[in-house]
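File shown: upload.pdb. Contents: PDB, C-alpha atoms.
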```pdb
ATOM      1  CA  MET S   1       0.000   0.000   0.000
ATOM      2  CA  ARG S   2       2.756   2.438   0.988
ATOM      3  CA  LEU S   3       4.904   1.333  -1.915
ATOM      4  CA  LEU S   4       1.943   1.607  -4.297
ATOM      5  CA  ALA S   5       1.304   5.179  -3.108
ATOM      6  CA  THR S   6       5.012   5.945  -3.564
ATOM      7  CA  TYR S   7       4.920   4.425  -7.055
ATOM      8  CA  LEU S   8       1.925   6.652  -7.911
ATOM      9  CA  ILE S   9       3.813   9.733  -6.671
ATOM     10  CA  GLY S  10       6.637   8.809  -9.056
ATOM     11  CA  LEU S  11       4.088   8.289 -11.823
ATOM     12  CA  VAL S  12       2.567  11.763 -11.304
ATOM     13  CA  PHE S  13       6.077  13.256 -11.297
ATOM     14  CA  GLY S  14       7.001  11.335 -14.468
ATOM     15  CA  ILE S  15       3.828  12.414 -16.284
ATOM     16  CA  GLY S  16       4.479  16.005 -15.197
ATOM     17  CA  ILE S  17       8.068  15.876 -16.451
ATOM     18  CA  ALA S  18       6.929  14.261 -19.720
ATOM     19  CA  ILE S  19       4.202  16.761 -20.625
ATOM     20  CA  SER S  20       6.132  19.779 -19.337
ATOM     21  CA  GLY S  21       9.007  19.342 -21.808
ATOM     22  CA  MET S  22      11.650  18.874 -19.087
ATOM     23  CA  MET S  23      12.797  15.552 -20.557
ATOM     24  CA  ASN S  24      13.281  17.000 -24.035
ATOM     25  CA  PRO S  25      16.875  18.281 -24.301
ATOM     26  CA  ALA S  26      16.062  20.443 -27.345
ATOM     27  CA  LYS S  27      13.471  22.318 -25.287
ATOM     28  CA  VAL S  28      15.661  22.538 -22.192
ATOM     29  CA  LEU S  29      18.643  23.878 -24.135
ATOM     30  CA  ASN S  30      16.447  26.376 -26.000
ATOM     31  CA  PHE S  31      15.143  27.659 -22.663
ATOM     32  CA  PHE S  32      18.695  28.601 -21.749
ATOM     33  CA  ASP S  33      19.477  29.957 -25.231
ATOM     34  CA  VAL S  34      18.125  33.434 -24.549
ATOM     35  CA  ALA S  35      20.457  34.850 -27.195
ATOM     36  CA  GLY S  36      19.261  32.417 -29.864
ATOM     37  CA  MET S  37      16.346  29.970 -30.145
ATOM     38  CA  TRP S  38      14.752  31.065 -26.880
ATOM     39  CA  ASP S  39      11.774  28.944 -25.764
ATOM     40  CA  PRO S  40      10.543  30.307 -22.414
ATOM     41  CA  SER S  41       8.247  27.305 -21.728
ATOM     42  CA  LEU S  42      10.318  25.910 -18.878
ATOM     43  CA  ALA S  43       9.748  29.042 -16.805
ATOM     44  CA  PHE S  44       6.115  27.888 -16.701
ATOM     45  CA  VAL S  45       7.202  24.446 -15.432
ATOM     46  CA  MET S  46       9.152  26.035 -12.609
ATOM     47  CA  GLY S  47       6.301  28.456 -11.901
ATOM     48  CA  GLY S  48       3.622  25.761 -11.764
ATOM     49  CA  ALA S  49       5.755  23.442  -9.644
ATOM     50  CA  LEU S  50       6.723  26.189  -7.206
ATOM     51  CA  ILE S  51       3.159  27.502  -6.692
ATOM     52  CA  VAL S  52       1.898  24.024  -5.736
ATOM     53  CA  THR S  53       4.947  23.072  -3.669
ATOM     54  CA  PHE S  54       5.189  26.388  -1.831
ATOM     55  CA  ILE S  55       1.569  26.200  -0.661
ATOM     56  CA  GLY S  56       1.387  22.400  -0.308
ATOM     57  CA  TYR S  57       4.568  22.165   1.798
ATOM     58  CA  ARG S  58       3.133  24.650   4.292
ATOM     59  CA  ILE S  59       0.054  22.480   4.720
ATOM     60  CA  ALA S  60       1.997  19.173   4.785
ATOM     61  CA  LEU S  61       4.641  20.468   7.213
ATOM     62  CA  SER S  62       2.057  21.965   9.550
ATOM     63  CA  ARG S  63       0.999  18.429  10.458
ATOM     64  CA  PRO S  64       2.799  16.699  13.342
ATOM     65  CA  ARG S  65       4.224  13.926  11.116
ATOM     66  CA  PRO S  66       3.925  12.445   7.645
ATOM     67  CA  VAL S  67       1.200   9.830   7.088
ATOM     68  CA  PHE S  68       3.520   6.831   6.580
ATOM     69  CA  GLU S  69       6.536   7.778   8.727
ATOM     70  CA  PRO S  70       7.145   8.722  12.359
ATOM     71  CA  ALA S  71       8.883  11.997  11.416
ATOM     72  CA  PHE S  72       9.815  14.310   8.536
ATOM     73  CA  SER S  73      13.325  13.785   7.097
ATOM     74  CA  LEU S  74      14.269  17.263   5.942
ATOM     75  CA  PRO S  75      17.765  18.341   4.844
ATOM     76  CA  THR S  76      19.415  19.967   7.870
ATOM     77  CA  SER S  77      22.662  21.401   6.485
ATOM     78  CA  ARG S  78      22.777  25.222   6.429
ATOM     79  CA  THR S  79      26.346  25.565   5.181
ATOM     80  CA  ILE S  80      26.912  27.487   1.980
ATOM     81  CA  ASP S  81      30.387  26.407   0.932
ATOM     82  CA  ALA S  82      32.605  25.807  -2.086
ATOM     83  CA  ARG S  83      31.273  22.269  -2.371
ATOM     84  CA  LEU S  84      27.666  23.458  -2.811
ATOM     85  CA  VAL S  85      28.525  26.273  -5.227
ATOM     86  CA  GLY S  86      31.218  24.353  -7.135
ATOM     87  CA  GLY S  87      29.072  21.239  -7.418
ATOM     88  CA  SER S  88      26.089  23.238  -8.624
ATOM     89  CA  ALA S  89      28.263  25.073 -11.170
ATOM     90  CA  VAL S  90      29.611  21.756 -12.533
ATOM     91  CA  PHE S  91      26.073  20.344 -12.659
ATOM     92  CA  GLY S  92      25.026  23.340 -14.763
ATOM     93  CA  ILE S  93      27.927  22.839 -17.180
ATOM     94  CA  GLY S  94      26.866  19.210 -17.673
ATOM     95  CA  TRP S  95      23.209  20.196 -18.038
ATOM     96  CA  GLY S  96      24.175  22.798 -20.641
ATOM     97  CA  ILE S  97      26.273  20.276 -22.585
ATOM     98  CA  ALA S  98      23.776  17.379 -22.629
ATOM     99  CA  GLY S  99      20.377  19.004 -21.994
ATOM    100  CA  PHE S 100      19.271  16.390 -19.439
ATOM    101  CA  CYS S 101      19.049  16.952 -15.683
ATOM    102  CA  PRO S 102      18.510  14.016 -13.249
ATOM    103  CA  GLY S 103      14.787  14.708 -12.752
ATOM    104  CA  GLY S 104      14.290  14.897 -16.509
ATOM    105  CA  ALA S 105      16.457  11.900 -17.378
ATOM    106  CA  LEU S 106      14.959   9.359 -14.937
ATOM    107  CA  PRO S 107      11.397   9.546 -16.358
ATOM    108  CA  ALA S 108      12.880   9.734 -19.870
ATOM    109  CA  ILE S 109      14.211   6.168 -19.402
ATOM    110  CA  GLY S 110      10.582   5.114 -20.013
ATOM    111  CA  THR S 111      10.805   6.250 -23.621
ATOM    112  CA  GLY S 112      13.419   3.535 -24.176
ATOM    113  CA  ARG S 113      15.628   5.949 -26.111
ATOM    114  CA  GLY S 114      19.286   4.942 -26.330
ATOM    115  CA  GLU S 115      20.510   8.513 -25.799
ATOM    116  CA  VAL S 116      18.758   8.618 -22.420
ATOM    117  CA  LEU S 117      20.363   5.359 -21.317
ATOM    118  CA  VAL S 118      23.818   6.627 -22.337
ATOM    119  CA  PHE S 119      23.283   9.831 -20.368
ATOM    120  CA  VAL S 120      21.937   8.038 -17.276
ATOM    121  CA  ALA S 121      24.815   5.514 -17.308
ATOM    122  CA  ALA S 122      27.353   8.354 -17.521
ATOM    123  CA  MET S 123      25.528  10.279 -14.773
ATOM    124  CA  ILE S 124      25.618   7.259 -12.441
ATOM    125  CA  GLY S 125      29.315   6.885 -13.275
ATOM    126  CA  GLY S 126      29.785  10.543 -12.302
ATOM    127  CA  MET S 127      27.925   9.992  -9.034
ATOM    128  CA  PHE S 128      30.174   7.053  -8.110
ATOM    129  CA  ALA S 129      33.257   9.052  -9.122
ATOM    130  CA  ALA S 130      32.093  11.901  -6.876
ATOM    131  CA  ARG S 131      31.652   9.507  -3.963
ATOM    132  CA  GLY S 132      35.155   8.182  -4.483
ATOM    133  CA  LEU S 133      36.514  11.703  -4.659
ATOM    134  CA  GLN S 134      34.623  12.727  -1.507
ATOM    135  CA  GLY S 135      36.016   9.723   0.365
ATOM    136  CA  TRP S 136      39.548  10.587  -0.752
ATOM    137  CA  LEU S 137      39.125  14.247   0.261
ATOM    138  CA  ALA S 138      37.801  13.191   3.683
ATOM    139  CA  ARG S 139      40.738  10.790   4.233
ATOM    140  CA  ARG S 140      43.228  13.457   3.189
ATOM    141  CA  ALA S 141      41.607  16.005   5.530
ATOM    142  CA  ARG S 142      41.813  13.487   8.428
ATOM    143  CA  GLN S 143      45.445  12.721   7.650
ATOM    144  CA  SER S 144      46.469  16.377   7.574
ATOM    145  CA  ALA S 145      44.529  16.983  10.816
ATOM    146  CA  GLY S 146      46.367  13.980  12.331
ATOM    147  CA  ALA S 147      49.727  15.307  11.139
ATOM    148  CA  GLU S 148      49.055  18.669  12.765
ATOM    149  CA  THR S 149      48.210  17.173  16.160
ATOM    150  CA  ALA S 150      51.170  14.747  16.045
TER     151      ALA S 150
ATOM    152  CA  MET F   1      21.794  22.017 -35.966
ATOM    153  CA  THR F   2      19.726  23.596 -33.255
ATOM    154  CA  PRO F   3      16.030  22.834 -33.741
ATOM    155  CA  VAL F   4      13.382  25.452 -32.989
ATOM    156  CA  THR F   5      10.977  24.214 -30.307
ATOM    157  CA  GLU F   6       7.363  25.262 -29.978
ATOM    158  CA  PHE F   7       6.432  27.534 -27.045
ATOM    159  CA  THR F   8       4.132  25.400 -24.849
ATOM    160  CA  PRO F   9       3.126  27.527 -21.838
ATOM    161  CA  LEU F  10      -0.016  25.543 -20.972
ATOM    162  CA  ALA F  11       1.442  22.012 -21.203
ATOM    163  CA  SER F  12       4.538  23.185 -19.353
ATOM    164  CA  PHE F  13       2.492  24.857 -16.625
ATOM    165  CA  VAL F  14       0.248  21.790 -16.171
ATOM    166  CA  GLY F  15       3.354  19.580 -16.112
ATOM    167  CA  GLY F  16       4.799  21.876 -13.458
ATOM    168  CA  LEU F  17       1.621  21.591 -11.365
ATOM    169  CA  LEU F  18       1.921  17.782 -11.479
ATOM    170  CA  ILE F  19       5.593  17.928 -10.480
ATOM    171  CA  GLY F  20       4.561  20.128  -7.537
ATOM    172  CA  LEU F  21       1.723  17.775  -6.632
ATOM    173  CA  ALA F  22       4.131  14.825  -6.529
ATOM    174  CA  ALA F  23       6.571  16.798  -4.354
ATOM    175  CA  VAL F  24       3.821  17.742  -1.889
ATOM    176  CA  ALA F  25       2.451  14.169  -1.790
ATOM    177  CA  LEU F  26       5.898  12.726  -1.001
ATOM    178  CA  MET F  27       6.313  15.236   1.827
ATOM    179  CA  ALA F  28       2.811  14.605   3.211
ATOM    180  CA  LEU F  29       3.066  10.806   3.039
ATOM    181  CA  ARG F  30       6.751  10.051   3.569
ATOM    182  CA  GLY F  31       8.138  13.315   4.896
ATOM    183  CA  ARG F  32      10.773  13.497   2.209
ATOM    184  CA  VAL F  33      12.033  15.981  -0.343
ATOM    185  CA  LEU F  34      11.426  14.902  -3.949
ATOM    186  CA  GLY F  35      14.942  15.332  -5.312
ATOM    187  CA  ALA F  36      15.941  13.111  -8.214
ATOM    188  CA  THR F  37      19.610  13.282  -7.118
ATOM    189  CA  GLY F  38      19.001  12.138  -3.549
ATOM    190  CA  ILE F  39      16.523   9.442  -4.544
ATOM    191  CA  LEU F  40      18.888   8.026  -7.175
ATOM    192  CA  ALA F  41      21.940   8.244  -4.893
ATOM    193  CA  GLY F  42      20.187   6.126  -2.261
ATOM    194  CA  LEU F  43      19.022   3.698  -4.927
ATOM    195  CA  ILE F  44      22.460   2.953  -6.424
ATOM    196  CA  ALA F  45      24.182   2.795  -3.028
ATOM    197  CA  PRO F  46      21.468   1.863  -0.519
ATOM    198  CA  ALA F  47      21.870   2.439   3.202
ATOM    199  CA  SER F  48      19.423  -0.368   4.064
ATOM    200  CA  SER F  49      16.853  -2.560   2.324
ATOM    201  CA  SER F  50      13.949  -0.680   3.908
ATOM    202  CA  ASP F  51      15.387   2.578   2.592
ATOM    203  CA  TRP F  52      15.844   1.057  -0.862
ATOM    204  CA  ALA F  53      12.268  -0.078  -1.544
ATOM    205  CA  TRP F  54      10.532   3.327  -1.577
ATOM    206  CA  ARG F  55      13.255   4.708  -3.850
ATOM    207  CA  ALA F  56      12.813   1.827  -6.295
ATOM    208  CA  ALA F  57       9.035   2.360  -6.211
ATOM    209  CA  ILE F  58       9.208   6.079  -6.943
ATOM    210  CA  VAL F  59      11.772   5.657  -9.746
ATOM    211  CA  ALA F  60       9.623   2.890 -11.276
ATOM    212  CA  GLY F  61       6.719   5.339 -11.174
ATOM    213  CA  MET F  62       8.824   8.048 -12.841
ATOM    214  CA  ILE F  63       9.852   5.681 -15.633
ATOM    215  CA  SER F  64       6.184   4.742 -16.145
ATOM    216  CA  GLY F  65       5.315   8.437 -16.659
ATOM    217  CA  PRO F  66       6.070   8.742 -20.384
ATOM    218  CA  ILE F  67       4.552   5.286 -20.979
ATOM    219  CA  ALA F  68       1.309   6.430 -19.318
ATOM    220  CA  VAL F  69       1.348   9.543 -21.520
ATOM    221  CA  MET F  70       1.771   7.323 -24.581
ATOM    222  CA  ILE F  71      -1.134   5.082 -23.545
ATOM    223  CA  VAL F  72      -3.430   8.100 -23.109
ATOM    224  CA  THR F  73      -2.355  10.275 -26.047
ATOM    225  CA  GLY F  74      -1.130   7.565 -28.432
ATOM    226  CA  ALA F  75       2.278   9.222 -28.832
ATOM    227  CA  MET F  76       5.483   9.006 -26.815
ATOM    228  CA  PRO F  77       6.429  12.452 -25.456
ATOM    229  CA  GLU F  78       8.858  14.162 -27.793
ATOM    230  CA  ILE F  79      12.568  13.838 -27.118
ATOM    231  CA  ILE F  80      14.910  15.617 -29.508
ATOM    232  CA  VAL F  81      18.570  15.201 -28.614
ATOM    233  CA  PRO F  82      20.428  17.954 -30.460
ATOM    234  CA  VAL F  83      23.844  16.809 -29.182
ATOM    235  CA  GLY F  84      26.126  13.895 -30.036
ATOM    236  CA  LEU F  85      27.253  10.889 -28.055
ATOM    237  CA  PRO F  86      30.434  12.505 -26.631
ATOM    238  CA  ALA F  87      28.326  15.400 -25.277
ATOM    239  CA  LEU F  88      25.867  12.978 -23.653
ATOM    240  CA  VAL F  89      28.698  11.098 -21.948
ATOM    241  CA  ALA F  90      30.618  14.213 -20.879
ATOM    242  CA  GLY F  91      27.418  15.959 -19.799
ATOM    243  CA  GLY F  92      26.255  12.897 -17.856
ATOM    244  CA  LEU F  93      29.571  12.590 -16.004
ATOM    245  CA  LEU F  94      29.588  16.291 -15.093
ATOM    246  CA  VAL F  95      25.939  16.192 -13.989
ATOM    247  CA  GLY F  96      26.632  13.135 -11.787
ATOM    248  CA  LEU F  97      29.718  14.764 -10.244
ATOM    249  CA  GLY F  98      28.081  18.156  -9.821
ATOM    250  CA  VAL F  99      24.801  17.057  -8.230
ATOM    251  CA  THR F 100      26.655  14.818  -5.765
ATOM    252  CA  PHE F 101      28.950  17.618  -4.571
ATOM    253  CA  GLY F 102      26.114  20.160  -4.801
ATOM    254  CA  SER F 103      23.713  17.819  -2.918
ATOM    255  CA  GLY F 104      20.879  18.288  -5.380
ATOM    256  CA  CYS F 105      19.538  19.250  -8.779
ATOM    257  CA  THR F 106      16.605  20.997 -10.417
ATOM    258  CA  SER F 107      13.966  19.012  -8.498
ATOM    259  CA  GLY F 108      15.603  18.904  -5.064
ATOM    260  CA  HIS F 109      17.069  22.423  -4.920
ATOM    261  CA  GLY F 110      15.076  24.134  -7.680
ATOM    262  CA  VAL F 111      11.593  23.037  -6.616
ATOM    263  CA  CYS F 112      11.595  21.525  -3.108
ATOM    264  CA  GLY F 113      14.411  23.654  -1.677
ATOM    265  CA  LEU F 114      13.113  26.925  -3.125
ATOM    266  CA  ALA F 115       9.619  26.108  -1.819
ATOM    267  CA  ARG F 116      11.172  25.717   1.669
ATOM    268  CA  LEU F 117      13.082  28.988   1.115
ATOM    269  CA  SER F 118      16.306  27.117   1.936
ATOM    270  CA  PRO F 119      19.277  29.497   1.561
ATOM    271  CA  ARG F 120      21.440  26.601   0.323
ATOM    272  CA  SER F 121      18.930  25.761  -2.381
ATOM    273  CA  ILE F 122      18.559  29.384  -3.454
ATOM    274  CA  VAL F 123      22.345  29.657  -3.872
ATOM    275  CA  ALA F 124      22.544  26.272  -5.641
ATOM    276  CA  THR F 125      19.671  27.062  -8.021
ATOM    277  CA  LEU F 126      21.020  30.504  -8.975
ATOM    278  CA  THR F 127      24.450  28.922  -9.519
ATOM    279  CA  PHE F 128      23.373  26.056 -11.777
ATOM    280  CA  MET F 129      20.876  28.160 -13.748
ATOM    281  CA  ALA F 130      23.662  30.681 -14.423
ATOM    282  CA  SER F 131      26.268  28.057 -15.312
ATOM    283  CA  THR F 132      23.844  26.185 -17.582
ATOM    284  CA  GLY F 133      22.950  29.427 -19.385
ATOM    285  CA  LEU F 134      26.603  30.355 -19.715
ATOM    286  CA  THR F 135      27.501  26.887 -21.034
ATOM    287  CA  VAL F 136      24.733  26.979 -23.651
ATOM    288  CA  TYR F 137      25.824  30.477 -24.679
ATOM    289  CA  VAL F 138      29.468  29.455 -25.059
ATOM    290  CA  ILE F 139      28.635  26.256 -26.980
ATOM    291  CA  ARG F 140      26.119  27.879 -29.340
ATOM    292  CA  HIS F 141      27.393  31.418 -29.780
ATOM    293  CA  VAL F 142      31.120  31.388 -28.982
ATOM    294  CA  LEU F 143      32.186  27.962 -30.206
ATOM    295  CA  GLY F 144      29.339  28.006 -32.733
ATOM    296  CA  GLY F 145      28.237  24.412 -32.145
TER     297      GLY F 145
END
```

Let me see whether you can do it: turn the structure in this file into structure tokens.
Amino acid sequence: MRLLATYLIGLVFGIGIAISGMMNPAKVLNFFDVAGMWDPSLAFVMGGALIVTFIGYRIALSRPRPVFEPAFSLPTSRTIDARLVGGSAVFGIGWGIAGFCPGGALPAIGTGRGEVLVFVAAMIGGMFAARGLQGWLARRARQSAGAETA
Amino acid sequence: MTPVTEFTPLASFVGGLLIGLAAVALMALRGRVLGATGILAGLIAPASSSDWAWRAAIVAGMISGPIAVMIVTGAMPEIIVPVGLPALVAGGLLVGLGVTFGSGCTSGHGVCGLARLSPRSIVATLTFMASTGLTVYVIRHVLGG
């Protein structure tokens, strides 16, 4: 029952992404091409999504707990650092090169298009590479902290 | 060559409403942010089997989205990929790296985070919107691709 409801949430998201144009790289790239083939449609996607989420979150979060879980699991980090800004900048470069973002690419798998599968495979590769890199950075930071206290 | 795409304010707005509806439903039912990055990250490297199942269910739903649209309308939603294979691979790698370090993407930061007025998400969204725009500008108007 809970998994079925969660599946249906994904389905609504996937239908929304599909009809909005967010999984069509030509449309996404034209949205950003203000100096050329500008197609402002995606501003309407963002607008529609934000109106519903802004109001709906206030109602959902005013309740003591979510329906299926004992508590809300909200992101708690407040730090604005180089990792957040640098990561977001690199994400944008990739989005501008390929035209797919994660939320557009996952539903797009359903079209069975080879280009989507190539992008998603590369994206997952990038996510694993980032994890490896994060682990290495954390080890190096621990080592240098250890060297300082020694 | 760069194809012209039709301006679709109504379909895009309705699609946006559905994306918002899904985000609100996930918060109301499971108390979670609907971020494609976070959901996928926990799916490919699960913390526990109980944490894995809901992620698999929501991604299965997402993948069913375009199929449902095809069943209703008779046509698969349009996907035009105006870039080549090397761009898909390079773009995919950079997106995967970037969203992991940036802790989110268009859905997590751009919709859910902005709706929560999270300062991190506001900074992240402004950053990736600017860098995407700049990248498209450089590729199309400086390099002339």

message = Could you check the closest approach to S:Ile109 for each of S:Ala71, S:Val85, S:Ala49, S:Ile17 and tell me which residue wins, using only C-alpha atoms?
response =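 Among S:Ala71, S:Val85, S:Ala49, S:Ile17, it is S:Ile17 that comes nearest to S:Ile109.
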
key: Output check: residues returned by the PyMOL selection byres ((chain S and resi 70) around 12), as a list in words   =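 So the PyMOL selection byres ((chain S and resi 70) around 12), applied here, picks out Arg63, Pro64, Arg65, Pro66, Val67, Phe68, Glu69, Ala71, Phe72 and Ser73 of chain S; Ala28, Leu29, Arg30, Gly31 and Arg32 of chain F.
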
message = Suppose a student applies the PyMOL selection byres ((chain F and resi 42-57) around 9) to this structure; what residues should they get, written as a ChimeraX atom specification?
response = /S:2-8,10,124,128 /F:37-41,58-62

message = Just want the 10 Å neighbourhood of stretch 117-120 of chain F, counted on only C-alpha atoms, with same-chain residues fewer than 5 positions away dropped. Output as a list in words.
response =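 Selected residues are Phe54, Pro75, Thr76, Ser77, Arg78, Thr79, Ile80, Asp81, Leu84 and Val85 of chain S; Gly102, Ser103, His109, Val111, Cys112 and Thr125 of chain F.
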
Exactly which residues make up the result of the PyMOL selection byres ((chain S and resi 45) around 10) on this file, given as a compact mmCIF listing (two decimals) with C-alpha atoms, in the coordinates of the input?
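Result went into part_26.txt, see below:
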```
# COMPACT_ATOMS: atom_id res chain seq x y z
CA GLY S 16 4.48 16.00 -15.20
CA ILE S 17 8.07 15.88 -16.45
CA ILE S 19 4.20 16.76 -20.62
CA SER S 20 6.13 19.78 -19.34
CA GLY S 21 9.01 19.34 -21.81
CA MET S 22 11.65 18.87 -19.09
CA PRO S 40 10.54 30.31 -22.41
CA SER S 41 8.25 27.30 -21.73
CA LEU S 42 10.32 25.91 -18.88
CA ALA S 43 9.75 29.04 -16.80
CA PHE S 44 6.12 27.89 -16.70
CA MET S 46 9.15 26.04 -12.61
CA GLY S 47 6.30 28.46 -11.90
CA GLY S 48 3.62 25.76 -11.76
CA ALA S 49 5.76 23.44 -9.64
CA LEU S 50 6.72 26.19 -7.21
CA THR F 8 4.13 25.40 -24.85
CA PRO F 9 3.13 27.53 -21.84
CA LEU F 10 -0.02 25.54 -20.97
CA ALA F 11 1.44 22.01 -21.20
CA SER F 12 4.54 23.18 -19.35
CA PHE F 13 2.49 24.86 -16.62
CA VAL F 14 0.25 21.79 -16.17
CA GLY F 15 3.35 19.58 -16.11
CA GLY F 16 4.80 21.88 -13.46
CA LEU F 17 1.62 21.59 -11.36
CA LEU F 18 1.92 17.78 -11.48
CA ILE F 19 5.59 17.93 -10.48
CA GLY F 20 4.56 20.13 -7.54
CA VAL F 111 11.59 23.04 -6.62
```

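Shortest separation to F:Cys105 among S:Ile9, S:Cys101, S:Ile15, S:Ala35 occurs at residue S:Cys101, atoms counted being all atoms listed in the file.
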
task = Would you work out the distance separating atom CA of S:Pro107 from atom CA of S:Gly14, expressed in Å to one decimal?
result = 5.1 Å

inquiry  = With distances taken over all atoms listed in the file, which residue among S:Ala60, S:Val120, S:Leu137, S:Leu11 lies nearest S:Leu106?
reply    =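 Among the listed residues, the smallest separation from S:Leu106 belongs to S:Val120.
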
With 6 Å of padding per side, what axis-aligned box (centre and edge lengths, Å, one decimal) covers all the listed atoms of stretch 48-56 of chain F? Give it as JSON.
```
{"center_x": 15.0, "center_y": 1.1, "center_z": -1.1, "size_x": 20.9, "size_y": 19.3, "size_z": 22.4}
```

Missing atoms of stretch 69-85 of chain S rebuilt to N, CA, C and O atoms, written as a compact mmCIF listing (two decimals), in the coordinates of the input:
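And here is the file that came out, out.txt:
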```txt
# COMPACT_ATOMS: atom_id res chain seq x y z
N GLU S 69 5.26 7.83 8.00
CA GLU S 69 6.54 7.78 8.73
C GLU S 69 6.37 8.46 10.09
O GLU S 69 5.49 9.30 10.26
N PRO S 70 7.25 8.10 11.04
CA PRO S 70 7.14 8.72 12.36
C PRO S 70 7.56 10.19 12.37
O PRO S 70 7.15 10.93 13.26
N ALA S 71 8.40 10.61 11.40
CA ALA S 71 8.88 12.00 11.42
C ALA S 71 9.26 12.45 10.01
O ALA S 71 9.48 11.62 9.12
N PHE S 72 9.32 13.76 9.81
CA PHE S 72 9.82 14.31 8.54
C PHE S 72 11.34 14.15 8.46
O PHE S 72 12.02 14.29 9.47
N SER S 73 11.86 13.83 7.27
CA SER S 73 13.32 13.78 7.10
C SER S 73 13.72 14.93 6.17
O SER S 73 13.80 14.75 4.96
N LEU S 74 13.92 16.10 6.75
CA LEU S 74 14.27 17.26 5.94
C LEU S 74 15.78 17.49 5.96
O LEU S 74 16.44 17.19 6.96
N PRO S 75 16.33 18.02 4.85
CA PRO S 75 17.76 18.34 4.84
C PRO S 75 18.06 19.35 5.95
O PRO S 75 17.30 20.30 6.14
N THR S 76 19.14 19.12 6.71
CA THR S 76 19.42 19.97 7.87
C THR S 76 20.61 20.90 7.67
O THR S 76 20.77 21.86 8.41
N SER S 77 21.46 20.59 6.66
CA SER S 77 22.66 21.40 6.48
C SER S 77 22.30 22.84 6.13
O SER S 77 21.35 23.10 5.40
N ARG S 78 23.01 23.79 6.72
CA ARG S 78 22.78 25.22 6.43
C ARG S 78 24.03 25.84 5.81
O ARG S 78 24.07 27.05 5.59
N THR S 79 25.06 25.02 5.60
CA THR S 79 26.35 25.56 5.18
C THR S 79 26.36 25.89 3.69
O THR S 79 26.07 25.04 2.86
N ILE S 80 26.71 27.12 3.38
CA ILE S 80 26.91 27.49 1.98
C ILE S 80 28.42 27.54 1.77
O ILE S 80 29.10 28.41 2.30
N ASP S 81 28.94 26.51 1.07
CA ASP S 81 30.39 26.41 0.93
C ASP S 81 30.78 26.17 -0.53
O ASP S 81 29.92 26.12 -1.42
N ALA S 82 32.07 25.99 -0.74
CA ALA S 82 32.60 25.81 -2.09
C ALA S 82 32.05 24.53 -2.72
O ALA S 82 31.86 24.46 -3.93
N ARG S 83 31.78 23.53 -1.89
CA ARG S 83 31.27 22.27 -2.37
C ARG S 83 29.89 22.46 -3.01
O ARG S 83 29.60 21.97 -4.08
N LEU S 84 29.03 23.20 -2.32
CA LEU S 84 27.67 23.46 -2.81
C LEU S 84 27.72 24.28 -4.11
O LEU S 84 27.08 23.93 -5.11
N VAL S 85 28.49 25.36 -4.08
CA VAL S 85 28.52 26.27 -5.23
C VAL S 85 29.28 25.62 -6.40
O VAL S 85 28.81 25.63 -7.54
```
